[in-house]
Amino acid sequence: MVFKPKLLAKVVADIFLQFSLGTNSLQFVKEFKYLGHTITDNLTDDADIQRKVRNLFVRTNIFRRRFYKRSMAVKCILFKTYCICLYDAALWSIYNKGSLRKLSSCYNKCVKLFFGFKRFDSVIKVLMETGMF
């Protein structure tokens, strides 16, 4: 992966010669997933945060359909174990504030949806009743 410089005045070339490793030619990509973390050519973590938002919505909907009759305690364990998977969040260092706001909003919506609360219920009330704070 070729990383862009922060100052556009330092760009030497937009097109590079084809690299090869043995007989295989290597391709240029804008983003790459390495050990579950998405690395982009502009070195921001916004793509990885967006991927986490999508995964949270998908997992919440799957588990909501499968386990809607379970007790609150079982749902809490399932949600904490399978829906909230932020093990690589500690690696995030360069991101837009809007990306984290989307993740926070997604978490609040998913908790309400998964536990059967209404859309306009207070987030604090929902988190206190479920123990998901």
# chains A, B, ... in the order shown; residues from 1 in each chain; ligands from 1

call {"tool": "select_by_dssp", "arguments": {"residues": "stretch 7-132 of chain A", "states": "strand (DSSP E or B)", "output": "ChimeraX atom specification"}}
result
/A:19-21,24-26,31-34,37-40

call {"tool": "write_last_selection", "arguments": {"atoms": "C-alpha atoms", "output": "tab-separated table (two decimals), in the first residue's frame"}}
result
chain	number	residue	atom	x	y	z
A	19	PHE	CA	5.75	-3.94	-8.19
A	20	SER	CA	6.28	-7.66	-8.34
A	21	LEU	CA	7.15	-10.33	-5.80
A	24	ASN	CA	3.31	-12.25	-8.99
A	25	SER	CA	2.55	-8.60	-9.62
A	26	LEU	CA	1.29	-6.63	-6.63
A	31	GLU	CA	-7.86	0.00	1.85
A	32	PHE	CA	-6.76	-3.33	3.24
A	33	LYS	CA	-7.95	-5.47	6.13
A	34	TYR	CA	-5.12	-6.72	8.34
A	37	HIS	CA	-8.48	-3.84	11.29
A	38	THR	CA	-9.07	-1.80	8.12
A	39	ILE	CA	-6.04	0.22	7.04
A	40	THR	CA	-6.61	2.97	4.46

call {"tool": "residues_around", "arguments": {"residues": "stretch 104-112 of chain A", "least_positions_apart": "5", "cutoff": "7 Å", "atoms": "only C-alpha atoms", "output": "PyMOL selection string"}}
result
chain A and resi 53+57+60+117-119+123+126

call {"tool": "residues_around", "arguments": {"residues": "A:Thr81", "least_positions_apart": "5", "cutoff": "12 Å", "atoms": "only C-alpha atoms", "output": "number ranges by chain"}}
result
A: 56, 59-60, 63, 74-76, 86-87, 132

call {"tool": "closest_residue", "arguments": {"among": "A:Leu103, A:Ile77, A:Ile124, A:Ala90", "to": "A:Lys52", "atoms": "only C-alpha atoms"}}
result
A:Leu103

call {"tool": "select_by_dssp", "arguments": {"residues": "chain A", "states": "helix (DSSP H, G or I)", "output": "number ranges by chain"}}
result
A: 8-10, 46-66, 72-83, 89-91, 97-115, 123-130

call {"tool": "atom_distance", "arguments": {"atom1": "atom CA of A:Leu8", "atom2": "atom CA of A:Arg101"}}
result
28.5 Å

call {"tool": "atom_distance", "arguments": {"atom1": "atom CA of A:Ile84", "atom2": "atom CA of A:Phe114"}}
result
12.2 Å

call {"tool": "residues_around", "arguments": {"residues": "A:Ile62", "least_positions_apart": "6", "cutoff": "12 Å", "atoms": "only C-alpha atoms", "output": "MDAnalysis selection string"}}
result
chainID A and resid 55:56 68 78:79 82:83 110 113:114

call {"tool": "closest_residue", "arguments": {"among": "A:Arg70, A:Lys10, A:Arg64, A:Lys102", "to": "A:Asp46", "atoms": "only C-alpha atoms"}}
result
A:Lys102

call {"tool": "atom_distance", "arguments": {"atom1": "atom CA of A:Gly98", "atom2": "atom CA of A:Asp45"}}
result
11.8 Å

call {"tool": "decode", "arguments": {"residues": "stretch 61-132 of chain A", "atoms": "C-alpha atoms", "output": "tab-separated table (two decimals), in the first residue's frame"}}
result
chain	number	residue	atom	x	y	z
A	61	ASN	CA	-30.91	-7.56	13.89
A	62	ILE	CA	-29.88	-11.22	13.65
A	63	PHE	CA	-29.91	-11.78	17.40
A	64	ARG	CA	-33.10	-9.75	17.86
A	65	ARG	CA	-34.95	-12.06	15.46
A	66	ARG	CA	-33.56	-15.26	16.94
A	67	PHE	CA	-33.79	-14.47	20.67
A	68	TYR	CA	-36.76	-12.12	21.05
A	69	LYS	CA	-38.46	-14.38	23.64
A	70	ARG	CA	-35.47	-14.67	25.99
A	71	SER	CA	-35.19	-13.00	29.37
A	72	MET	CA	-33.47	-9.66	29.94
A	73	ALA	CA	-30.45	-11.34	31.60
A	74	VAL	CA	-29.89	-13.69	28.65
A	75	LYS	CA	-30.28	-10.83	26.18
A	76	CYS	CA	-27.72	-8.76	28.10
A	77	ILE	CA	-25.15	-11.55	27.94
A	78	LEU	CA	-25.83	-12.13	24.23
A	79	PHE	CA	-25.59	-8.43	23.38
A	80	LYS	CA	-22.38	-7.89	25.33
A	81	THR	CA	-20.78	-11.02	23.91
A	82	TYR	CA	-21.74	-10.97	20.25
A	83	CYS	CA	-22.95	-7.51	19.30
A	84	ILE	CA	-20.38	-5.30	21.01
A	85	CYS	CA	-17.12	-6.41	19.45
A	86	LEU	CA	-14.77	-3.43	19.79
A	87	TYR	CA	-11.51	-5.21	20.51
A	88	ASP	CA	-9.54	-3.06	18.04
A	89	ALA	CA	-11.03	0.30	19.10
A	90	ALA	CA	-7.86	1.02	21.07
A	91	LEU	CA	-6.01	1.26	17.74
A	92	TRP	CA	-8.13	4.17	16.51
A	93	SER	CA	-6.10	7.36	16.61
A	94	ILE	CA	-7.00	9.48	13.55
A	95	TYR	CA	-10.72	9.82	12.84
A	96	ASN	CA	-13.47	12.37	12.35
A	97	LYS	CA	-15.63	13.24	15.34
A	98	GLY	CA	-18.66	12.43	13.20
A	99	SER	CA	-17.54	8.81	12.88
A	100	LEU	CA	-17.51	8.32	16.64
A	101	ARG	CA	-20.87	10.07	16.93
A	102	LYS	CA	-22.29	7.61	14.40
A	103	LEU	CA	-20.92	4.71	16.42
A	104	SER	CA	-22.40	6.10	19.64
A	105	SER	CA	-25.77	6.69	17.98
A	106	CYS	CA	-25.67	3.21	16.49
A	107	TYR	CA	-24.99	1.69	19.92
A	108	ASN	CA	-27.94	3.56	21.46
A	109	LYS	CA	-30.29	2.55	18.64
A	110	CYS	CA	-29.20	-1.08	18.78
A	111	VAL	CA	-29.67	-1.32	22.56
A	112	LYS	CA	-33.19	0.09	22.24
A	113	LEU	CA	-34.03	-2.18	19.32
A	114	PHE	CA	-32.57	-5.35	20.82
A	115	PHE	CA	-34.30	-4.99	24.19
A	116	GLY	CA	-37.63	-3.85	22.75
A	117	PHE	CA	-37.72	-0.24	23.90
A	118	LYS	CA	-39.45	2.47	21.93
A	119	ARG	CA	-37.52	4.80	19.67
A	120	PHE	CA	-38.10	7.90	21.79
A	121	ASP	CA	-37.37	6.32	25.17
A	122	SER	CA	-34.62	7.99	27.16
A	123	VAL	CA	-31.20	6.50	26.49
A	124	ILE	CA	-30.22	6.83	30.15
A	125	LYS	CA	-33.40	5.01	31.23
A	126	VAL	CA	-32.76	2.22	28.73
A	127	LEU	CA	-29.12	1.81	29.75
A	128	MET	CA	-29.99	1.79	33.45
A	129	GLU	CA	-32.77	-0.78	33.07
A	130	THR	CA	-30.65	-3.09	30.93
A	131	GLY	CA	-27.37	-2.59	32.76
A	132	MET	CA	-25.59	-1.82	29.47
